[in-house]
file input31.pdb (PDB, C-alpha atoms)
MODEL        1
ATOM      1  CA  MET A   1     201.964 144.120  35.660
ATOM      2  CA  LYS A   2     198.505 144.681  35.040
ATOM      3  CA  ASN A   3     198.430 141.200  33.949
ATOM      4  CA  ILE A   4     200.009 139.924  37.090
ATOM      5  CA  ILE A   5     197.746 141.954  39.249
ATOM      6  CA  ALA A   6     194.857 140.695  37.237
ATOM      7  CA  LYS A   7     196.103 137.169  37.609
ATOM      8  CA  ILE A   8     196.670 137.631  41.348
ATOM      9  CA  LEU A   9     193.281 139.106  41.670
ATOM     10  CA  PHE A  10     191.885 136.343  39.595
ATOM     11  CA  ILE A  11     193.639 133.706  41.650
ATOM     12  CA  SER A  12     192.766 135.419  44.871
ATOM     13  CA  SER A  13     189.181 135.653  43.760
ATOM     14  CA  ILE A  14     189.243 131.960  42.881
ATOM     15  CA  VAL A  15     190.810 131.122  46.239
ATOM     16  CA  THR A  16     188.399 133.427  47.984
ATOM     17  CA  GLY A  17     185.555 131.943  45.962
ATOM     18  CA  THR A  18     186.770 128.451  46.742
ATOM     19  CA  VAL A  19     187.150 129.333  50.402
ATOM     20  CA  PHE A  20     183.727 130.939  50.330
ATOM     21  CA  ALA A  21     182.345 128.006  48.426
ATOM     22  CA  SER A  22     183.878 125.515  50.823
ATOM     23  CA  ASN A  23     182.732 127.696  53.759
ATOM     24  CA  ALA A  24     179.298 127.821  52.191
ATOM     25  CA  GLN A  25     179.326 124.053  51.825
ATOM     26  CA  ILE A  26     180.457 123.718  55.445
ATOM     27  CA  VAL A  27     177.782 126.150  56.516
ATOM     28  CA  ASN A  28     175.213 124.316  54.391
ATOM     29  CA  ARG A  29     176.311 121.022  55.903
ATOM     30  CA  LYS A  30     176.063 122.512  59.385
ATOM     31  CA  ILE A  31     172.655 123.922  58.534
ATOM     32  CA  ASP A  32     171.601 120.534  57.151
ATOM     33  CA  THR A  33     172.969 118.835  60.265
ATOM     34  CA  LEU A  34     171.120 121.312  62.455
ATOM     35  CA  ASN A  35     167.989 120.845  60.390
ATOM     36  CA  ASN A  36     168.362 117.080  60.714
ATOM     37  CA  LYS A  37     168.886 117.418  64.477
ATOM     38  CA  ILE A  38     165.865 119.741  64.713
ATOM     39  CA  ASP A  39     163.816 117.328  62.606
ATOM     40  CA  THR A  40     164.969 114.414  64.777
ATOM     41  CA  VAL A  41     164.146 116.357  67.943
ATOM     42  CA  ASN A  42     160.791 117.366  66.459
ATOM     43  CA  VAL A  43     160.059 113.814  65.318
ATOM     44  CA  THR A  44     161.108 112.478  68.714
ATOM     45  CA  ARG A  45     159.063 115.132  70.485
ATOM     46  CA  ILE A  46     156.113 114.498  68.164
ATOM     47  CA  ALA A  47     156.458 110.739  68.715
ATOM     48  CA  ALA A  48     156.646 111.273  72.479
ATOM     49  CA  ASP A  49     153.656 113.616  72.341
ATOM     50  CA  LYS A  50     151.798 111.081  70.218
ATOM     51  CA  GLN A  51     152.662 108.289  72.640
ATOM     52  CA  LYS A  52     151.653 110.481  75.555
ATOM     53  CA  ALA A  53     148.357 111.319  73.807
ATOM     54  CA  ILE A  54     147.801 107.617  73.069
ATOM     55  CA  ASP A  55     148.598 106.755  76.698
ATOM     56  CA  ASN A  56     146.281 109.540  77.906
ATOM     57  CA  GLN A  57     143.594 108.318  75.522
ATOM     58  CA  ARG A  58     144.082 104.758  76.772
ATOM     59  CA  THR A  59     143.918 105.972  80.361
ATOM     60  CA  GLN A  60     140.854 108.044  79.578
ATOM     61  CA  SER A  61     139.337 105.147  77.658
ATOM     62  CA  GLU A  62     140.108 102.815  80.561
ATOM     63  CA  ALA A  63     138.653 105.332  83.029
ATOM     64  CA  GLU A  64     135.616 105.877  80.819
ATOM     65  CA  ARG A  65     135.224 102.116  80.397
ATOM     66  CA  LYS A  66     135.430 101.684  84.177
ATOM     67  CA  LYS A  67     132.933 104.522  84.644
ATOM     68  CA  ILE A  68     130.612 102.917  82.102
ATOM     69  CA  GLU A  69     130.992  99.512  83.755
ATOM     70  CA  LYS A  70     130.356 101.069  87.178
ATOM     71  CA  ALA A  71     127.328 102.912  85.802
ATOM     72  CA  GLU A  72     126.064  99.655  84.262
ATOM     73  CA  ARG A  73     126.574  97.816  87.588
ATOM     74  CA  ASP A  74     124.830 100.639  89.451
ATOM     75  CA  ALA A  75     121.987 100.623  86.930
ATOM     76  CA  LEU A  76     121.697  96.832  87.255
ATOM     77  CA  LYS A  77     121.663  97.100  91.058
ATOM     78  CA  ALA A  78     119.078  99.874  90.881
ATOM     79  CA  THR A  79     116.976  97.800  88.489
ATOM     80  CA  GLN A  80     117.216  94.754  90.765
ATOM     81  CA  LYS A  81     116.387  96.890  93.791
ATOM     82  CA  ALA A  82     113.442  98.446  91.955
ATOM     83  CA  GLU A  83     112.271  94.970  90.923
ATOM     84  CA  LYS A  84     112.505  93.772  94.528
ATOM     85  CA  GLU A  85     110.627  96.856  95.702
ATOM     86  CA  LYS A  86     108.001  96.255  93.010
ATOM     87  CA  ILE A  87     107.582  92.627  94.078
ATOM     88  CA  LYS A  88     107.433  93.716  97.713
ATOM     89  CA  ALA A  89     104.850  96.387  96.873
ATOM     90  CA  GLU A  90     102.797  93.850  94.892
ATOM     91  CA  LYS A  91     102.903  91.435  97.835
ATOM     92  CA  GLU A  92     101.852  94.244 100.176
ATOM     93  CA  ALA A  93      99.033  95.190  97.800
ATOM     94  CA  ILE A  94      97.863  91.572  97.651
ATOM     95  CA  LYS A  95      98.105  91.349 101.432
ATOM     96  CA  ARG A  96      96.136  94.589 101.834
ATOM     97  CA  GLN A  97      93.553  93.371  99.309
ATOM     98  CA  LYS A  98      93.146  90.103 101.218
ATOM     99  CA  GLU A  99      92.826  92.056 104.468
ATOM    100  CA  ILE A 100      90.199  94.316 102.884
ATOM    101  CA  GLU A 101      88.301  91.294 101.586
ATOM    102  CA  LYS A 102      88.559  89.675 105.010
ATOM    103  CA  GLN A 103      87.235  92.837 106.674
ATOM    104  CA  ALA A 104      84.457  93.061 104.086
ATOM    105  CA  LYS A 105      83.478  89.456 104.812
ATOM    106  CA  LYS A 106      83.527  90.190 108.545
ATOM    107  CA  LEU A 107      81.362  93.263 108.016
ATOM    108  CA  GLU A 108      79.003  91.316 105.778
ATOM    109  CA  LYS A 109      78.790  88.534 108.349
ATOM    110  CA  ALA A 110      78.238  91.054 111.143
ATOM    111  CA  GLU A 111      75.546  92.770 109.060
ATOM    112  CA  LYS A 112      73.844  89.442 108.434
ATOM    113  CA  GLU A 113      74.026  88.650 112.135
ATOM    114  CA  ARG A 114      72.593  92.081 112.996
ATOM    115  CA  ALA A 115      69.802  91.591 110.475
ATOM    116  CA  LYS A 116      69.192  88.100 111.811
ATOM    117  CA  ALA A 117      69.191  89.400 115.397
ATOM    118  CA  ALA A 118      66.846  92.260 114.440
ATOM    119  CA  LYS A 119      64.549  89.795 112.717
ATOM    120  CA  LYS A 120      64.691  87.492 115.718
ATOM    121  CA  TYR A 121      63.997  90.467 118.025
ATOM    122  CA  ASP A 122      61.051  91.582 115.891
ATOM    123  CA  LYS A 123      59.781  88.029 115.855
ATOM    124  CA  ALA A 124      60.106  87.801 119.658
ATOM    125  CA  VAL A 125      58.286  91.136 120.080
ATOM    126  CA  ALA A 126      55.530  89.920 117.756
ATOM    127  CA  LYS A 127      55.369  86.702 119.767
ATOM    128  CA  ILE A 128      54.993  88.703 122.998
ATOM    129  CA  GLU A 129      52.215  90.757 121.449
ATOM    130  CA  LYS A 130      50.496  87.604 120.217
ATOM    131  CA  ILE A 131      50.813  85.944 123.635
ATOM    132  CA  GLU A 132      49.569  89.135 125.270
ATOM    133  CA  ASN A 133      46.523  89.128 122.991
ATOM    134  CA  ASN A 134      45.991  85.431 123.703
ATOM    135  CA  ILE A 135      46.211  86.148 127.450
ATOM    136  CA  LYS A 136      43.592  88.874 127.114
ATOM    137  CA  LYS A 137      41.373  86.566 125.088
ATOM    138  CA  GLN A 138      41.899  83.720 127.542
ATOM    139  CA  SER A 139      41.158  86.009 130.511
ATOM    140  CA  SER A 140      38.014  87.214 128.777
ATOM    141  CA  LYS A 141      37.038  83.646 128.004
ATOM    142  CA  ILE A 142      37.557  82.578 131.634
ATOM    143  CA  GLU A 143      35.622  85.586 132.919
ATOM    144  CA  LYS A 144      32.801  84.806 130.530
ATOM    145  CA  MET A 145      32.775  81.139 131.539
ATOM    146  CA  GLU A 146      32.774  82.127 135.249
ATOM    147  CA  ASP A 147      29.988  84.648 134.653
ATOM    148  CA  ASP A 148      27.952  82.060 132.763
ATOM    149  CA  LEU A 149      28.505  79.552 135.561
ATOM    150  CA  ASP A 150      27.523  82.114 138.185
ATOM    151  CA  LYS A 151      24.369  82.959 136.254
ATOM    152  CA  LYS A 152      23.458  79.305 135.961
ATOM    153  CA  ILE A 153      24.161  78.732 139.649
ATOM    154  CA  ARG A 154      22.118  81.818 140.656
ATOM    155  CA  ARG A 155      19.226  80.709 138.536
ATOM    156  CA  ASN A 156      19.525  77.088 139.623
ATOM    157  CA  ARG A 157      19.643  75.887 136.086
ATOM    158  CA  ILE A 158      22.662  73.648 136.471
ATOM    159  CA  SER A 159      23.102  70.311 138.130
ATOM    160  CA  ASP A 160      25.927  69.528 140.485
ATOM    161  CA  ILE A 161      27.632  67.292 137.922
ATOM    162  CA  ASP A 162      27.348  69.932 135.205
ATOM    163  CA  ARG A 163      28.593  72.523 137.639
ATOM    164  CA  GLU A 164      31.658  70.404 138.403
ATOM    165  CA  LYS A 165      32.178  69.867 134.682
ATOM    166  CA  GLU A 166      32.035  73.642 134.127
ATOM    167  CA  ILE A 167      34.458  74.215 137.021
ATOM    168  CA  ILE A 168      36.839  71.670 135.437
ATOM    169  CA  LYS A 169      36.509  73.427 132.048
ATOM    170  CA  ILE A 170      37.234  76.760 133.751
ATOM    171  CA  SER A 171      40.221  75.210 135.554
ATOM    172  CA  LYS A 172      41.531  73.871 132.262
ATOM    173  CA  GLN A 173      41.196  77.347 130.766
ATOM    174  CA  GLN A 174      42.950  78.815 133.819
ATOM    175  CA  ILE A 175      45.776  76.292 133.310
ATOM    176  CA  LYS A 176      46.017  77.458 129.678
ATOM    177  CA  LEU A 177      46.131  81.058 130.971
ATOM    178  CA  LYS A 178      48.944  80.166 133.392
ATOM    179  CA  GLU A 179      50.817  78.484 130.513
ATOM    180  CA  LEU A 180      50.328  81.591 128.389
ATOM    181  CA  GLU A 181      51.615  83.778 131.239
ATOM    182  CA  ARG A 182      54.609  81.486 131.640
ATOM    183  CA  ASP A 183      55.253  81.704 127.839
ATOM    184  CA  PHE A 184      54.867  85.496 128.113
ATOM    185  CA  ASP A 185      57.512  85.697 130.863
ATOM    186  CA  LYS A 186      59.820  83.456 128.847
ATOM    187  CA  ALA A 187      59.309  85.604 125.713
ATOM    188  CA  GLU A 188      59.989  88.784 127.727
ATOM    189  CA  ARG A 189      63.255  87.348 129.008
ATOM    190  CA  GLU A 190      64.160  86.422 125.410
ATOM    191  CA  VAL A 191      63.433  89.991 124.234
ATOM    192  CA  LYS A 192      65.581  91.447 127.032
ATOM    193  CA  LYS A 193      68.330  89.030 126.101
ATOM    194  CA  LEU A 194      68.127  90.045 122.418
ATOM    195  CA  ARG A 195      68.422  93.743 123.168
TER     196      ARG A 195
ENDMDL
END

call {"tool": "encode", "arguments": {"input": "input31.pdb", "output": "structure tokens"}}
result
Amino acid sequence: MKNIIAKILFISSIVTGTVFASNAQIVNRKIDTLNNKIDTVNVTRIAADKQKAIDNQRTQSEAERKKIEKAERDALKATQKAEKEKIKAEKEAIKRQKEIEKQAKKLEKAEKERAKAAKKYDKAVAKIEKIENNIKKQSSKIEKMEDDLDKKIRRNRISDIDREKEIIKISKQQIKLKELERDFDKAEREVKKLR
């Protein structure tokens, strides 16, 4: 009996072991299947995440590329605008320089004209003074000639013809005096005009 019990136990242990072994295999298969499903889900999720990251990177790269292109266009526009402003400023500077040179020439011309006018004025004043001196000399000369004639007439030392000659000489000198006075008036008007 012991033998039978031992056999039954042995058989039951074999059956139990076989059942356990087959259950273990089933469980292992299920675990492997689950692991495969988890791996597939993980691989799929990883692939999707990778694709999403690639798409995001592409989008970011595209956005960055567009930003860079926009920045390059803006920089080019700014450079062109700065170049135009520079050219405009250079033209303005040239224009201002020409205007300054023009003003300098006008000032120089005006200064020359002032100097010329001052010289002309000084010359006219000197001419007046010279004419004035000549008038005084001529008046003195006429007075002297008249005095000499009077002396000769008082002393009866002159003939009628000589007297007439002396009167003509005095008249000529008086005409010169009148011409000098006329020149003096003309020179005075010129001085007034030059002031």

call {"tool": "closest_residue", "arguments": {"input": "input31.pdb", "among": "A:Phe184, A:Ile68, A:Leu194, A:Asn3", "to": "A:Glu113", "atoms": "all atoms listed in the file"}}
result
A:Leu194

call {"tool": "closest_residue", "arguments": {"input": "input31.pdb", "among": "A:Met145, A:Val191, A:Ile5, A:Ile54", "to": "A:Lys123", "atoms": "only C-alpha atoms"}}
result
A:Val191

call {"tool": "atom_distance", "arguments": {"input": "input31.pdb", "atom1": "atom CA of A:Lys193", "atom2": "atom CA of A:Lys116"}}
result
14.3 Å

call {"tool": "residues_around", "arguments": {"input": "input31.pdb", "residues": "stretch 170-183 of chain A", "least_positions_apart": "5", "cutoff": "10 Å", "atoms": "all atoms listed in the file", "output": "list in words"}}
result
Lys127, Ile128, Ile131, Glu132, Asn134, Ile135, Lys136, Lys137, Gln138, Ser139, Lys141, Ile142, Glu143, Lys144, Met145, Glu146, Leu149, Glu164, Lys165, Glu188 and Arg189 of chain A

call {"tool": "atom_distance", "arguments": {"input": "input31.pdb", "atom1": "atom CA of A:Lys50", "atom2": "atom CA of A:Ala63"}}
result
19.2 Å

call {"tool": "atom_distance", "arguments": {"input": "input31.pdb", "atom1": "atom CA of A:Lys81", "atom2": "atom CA of A:Glu99"}}
result
26.3 Å

call {"tool": "closest_residue", "arguments": {"input": "input31.pdb", "among": "A:Arg29, A:Arg195, A:Lys52, A:Arg58", "to": "A:Ala117", "atoms": "only C-alpha atoms"}}
result
A:Arg195
